[in-house]
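Note sheet for the following structure.
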Amino acid sequence: MKTREAKIDSLNFTSGNLEVLFCDDNYSIEIVKSVSIFKPDRWVEAFKKPLSRNIIEAKILHTSTGLELPIKRFSTAKDKQTLELAGLHSYNEKSQLLKELLQSLKSQIQDEVITRLDVAIDFKGKIPNKVIKKLCEDRKSFRFMNTTYYKSKSEKKQNYYMNIKTYHKSLTKNDTKNIHRLEFVFMRDYLKKLQVKDIKKSFKRMEKSIKKFSGLEVQISFL
């Protein structure tokens, strides 16, 4: 089987001193939830989804290039903040801006722990039936909104190991091409305190997991 290219689409990392990375004039930080501030509608406006109950502190990072990125502090890790970089492999200007931001931060975040990596495999046209059949060998599929999720039989509501999903990916606002994405979401229990500096060392393991569940031979690339 031909080896397909897979791309890192999202990367979340945690830091005990995250905001120090953004203390110059290129950035500003807006508080949405803290001890004395609560503006849930602002969060929905920025990210199109509500704050979950386990987020005890929420802020929005604004960059000089126009990005708005979520910074969260969870009840399970009160001494850490998490920055989400979602959409690194999209077909728009935001994707390029995210890559440039991550590249500029790279040298400063080498020792930080990655808590989530989304690996995207794009298909022109439909995802092959043999791939879907392989996904369904040990997993049940269900559709929510525009996304189909493939859940293991033993999987509970909260899954901190790995998620698999498929959805249509628009190239532009006036999308005329038929791109479908298969995405593997590797979570904290899978990544096992993986540091940014070791990210490429994790690719072989993830490639094996992707082959196990989808039958696809892939090679993951990053930036």
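In the structure tokens, chains take the letters A, B, ... in the order shown, each chain's residues start at 1, and ligands count up from 1 in the order shown.
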
From stretch 32-120 of chain A, collect each residue whose DSSP state is alpha helix (DSSP H) and return the set as a PyMOL selection string.
chain A and resi 40-47+93-105

So which residues touch A:Thr115 within 9 Å, counting only C-alpha atoms, skipping near sequence neighbours fewer than 3 positions away, as a VMD selection string?
chain A and resid 11 to 14 82 186 to 189 191 to 194

Mind dumping the selected residues with N, CA and C atoms as a tab-separated table (two decimals), in the first residue's frame?
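Dumped everything to result-v5.tsv:
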```tsv
chain	number	residue	atom	x	y	z
A	11	LEU	N	-1.93	21.00	18.25
A	11	LEU	CA	-0.94	20.70	19.29
A	11	LEU	C	-1.31	21.51	20.53
A	12	ASN	N	-1.49	20.81	21.65
A	12	ASN	CA	-1.71	21.47	22.93
A	12	ASN	C	-0.51	21.18	23.83
A	13	PHE	N	-0.02	22.20	24.52
A	13	PHE	CA	1.06	21.96	25.48
A	13	PHE	C	0.78	22.73	26.76
A	14	THR	N	1.38	22.23	27.85
A	14	THR	CA	1.17	22.86	29.16
A	14	THR	C	2.46	23.48	29.65
A	82	THR	N	-2.66	25.52	29.79
A	82	THR	CA	-2.60	24.82	28.51
A	82	THR	C	-2.90	25.80	27.38
A	186	PHE	N	-4.44	12.05	19.53
A	186	PHE	CA	-3.66	11.37	20.56
A	186	PHE	C	-3.64	12.25	21.82
A	187	MET	N	-4.12	11.68	22.93
A	187	MET	CA	-4.32	12.44	24.15
A	187	MET	C	-3.22	12.15	25.18
A	188	ARG	N	-3.36	12.76	26.35
A	188	ARG	CA	-2.29	12.77	27.35
A	188	ARG	C	-1.86	11.38	27.79
A	189	ASP	N	-2.82	10.44	27.95
A	189	ASP	CA	-2.46	9.10	28.43
A	189	ASP	C	-1.69	8.32	27.37
A	191	LEU	N	0.28	9.95	25.05
A	191	LEU	CA	1.54	10.69	24.85
A	191	LEU	C	2.52	10.52	26.01
A	192	LYS	N	2.02	10.24	27.20
A	192	LYS	CA	2.86	9.92	28.35
A	192	LYS	C	3.94	10.98	28.63
A	193	LYS	N	3.48	12.20	28.87
A	193	LYS	CA	4.36	13.32	29.23
A	193	LYS	C	5.44	13.59	28.16
A	194	LEU	N	5.04	13.47	26.92
A	194	LEU	CA	5.92	13.75	25.78
A	194	LEU	C	6.30	15.23	25.78
```

Give me the residues near A:Ser209 as a ChimeraX atom specification, where near means some atom within 12 Å (using only C-alpha atoms) and where sequence neighbours in that chain fewer than 5 positions away do not count.
/A:119,135,161-164,184-186,190,202-204,214-219

Keeping only C-alpha atoms, take the residues you just selected and write them out as an mmCIF file, in the first residue's frame.
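Writing the result to result-v5.cif gives the following:
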```
data_model
loop_
_atom_site.group_PDB
_atom_site.id
_atom_site.type_symbol
_atom_site.label_atom_id
_atom_site.label_comp_id
_atom_site.auth_asym_id
_atom_site.auth_seq_id
_atom_site.Cartn_x
_atom_site.Cartn_y
_atom_site.Cartn_z
ATOM 1 C CA VAL A 119 -2.834 13.873 13.136
ATOM 2 C CA LEU A 135 -12.012 1.361 11.602
ATOM 3 C CA TYR A 161 -6.061 8.085 25.318
ATOM 4 C CA MET A 162 -7.059 8.339 21.643
ATOM 5 C CA ASN A 163 -9.998 9.477 19.532
ATOM 6 C CA ILE A 164 -10.668 8.762 15.851
ATOM 7 C CA PHE A 184 -6.396 10.586 14.968
ATOM 8 C CA VAL A 185 -6.395 12.547 18.218
ATOM 9 C CA PHE A 186 -3.660 11.374 20.562
ATOM 10 C CA TYR A 190 -1.152 8.005 25.024
ATOM 11 C CA SER A 202 6.772 9.805 18.891
ATOM 12 C CA PHE A 203 5.862 9.655 15.196
ATOM 13 C CA LYS A 204 6.790 5.994 14.620
ATOM 14 C CA SER A 214 -7.131 2.072 9.708
ATOM 15 C CA GLY A 215 -4.813 -0.169 7.699
ATOM 16 C CA LEU A 216 -3.087 2.922 6.292
ATOM 17 C CA GLU A 217 0.663 3.291 5.915
ATOM 18 C CA VAL A 218 1.417 6.930 6.786
ATOM 19 C CA GLN A 219 4.382 9.175 7.345
#
```

Between atom CA of A:Phe222 and atom CA of A:Lys7, what distance in Å does the model show, to one decimal?
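Going from atom CA of A:Phe222 over to atom CA of A:Lys7, I get 6.2 Å.
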
A:Lys134, A:Arg42, A:Lys106, A:Lys197: which is nearest A:Lys211, counting only C-alpha atoms?
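Closest residue, counting only C-alpha atoms: A:Lys134.
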
Write out as a ChimeraX atom specification the set of residues from stretch 56-213 of chain A that DSSP, computed on the backbone, places in strand (DSSP E or B).
/A:56-63,68-74,81-86,113-125,139-144,147-152,162-168,179-187,195

Using only C-alpha atoms: which of A:Leu101, A:Leu182, A:Leu85, A:Val196 has the shortest distance to A:Ile114:
A:Val196
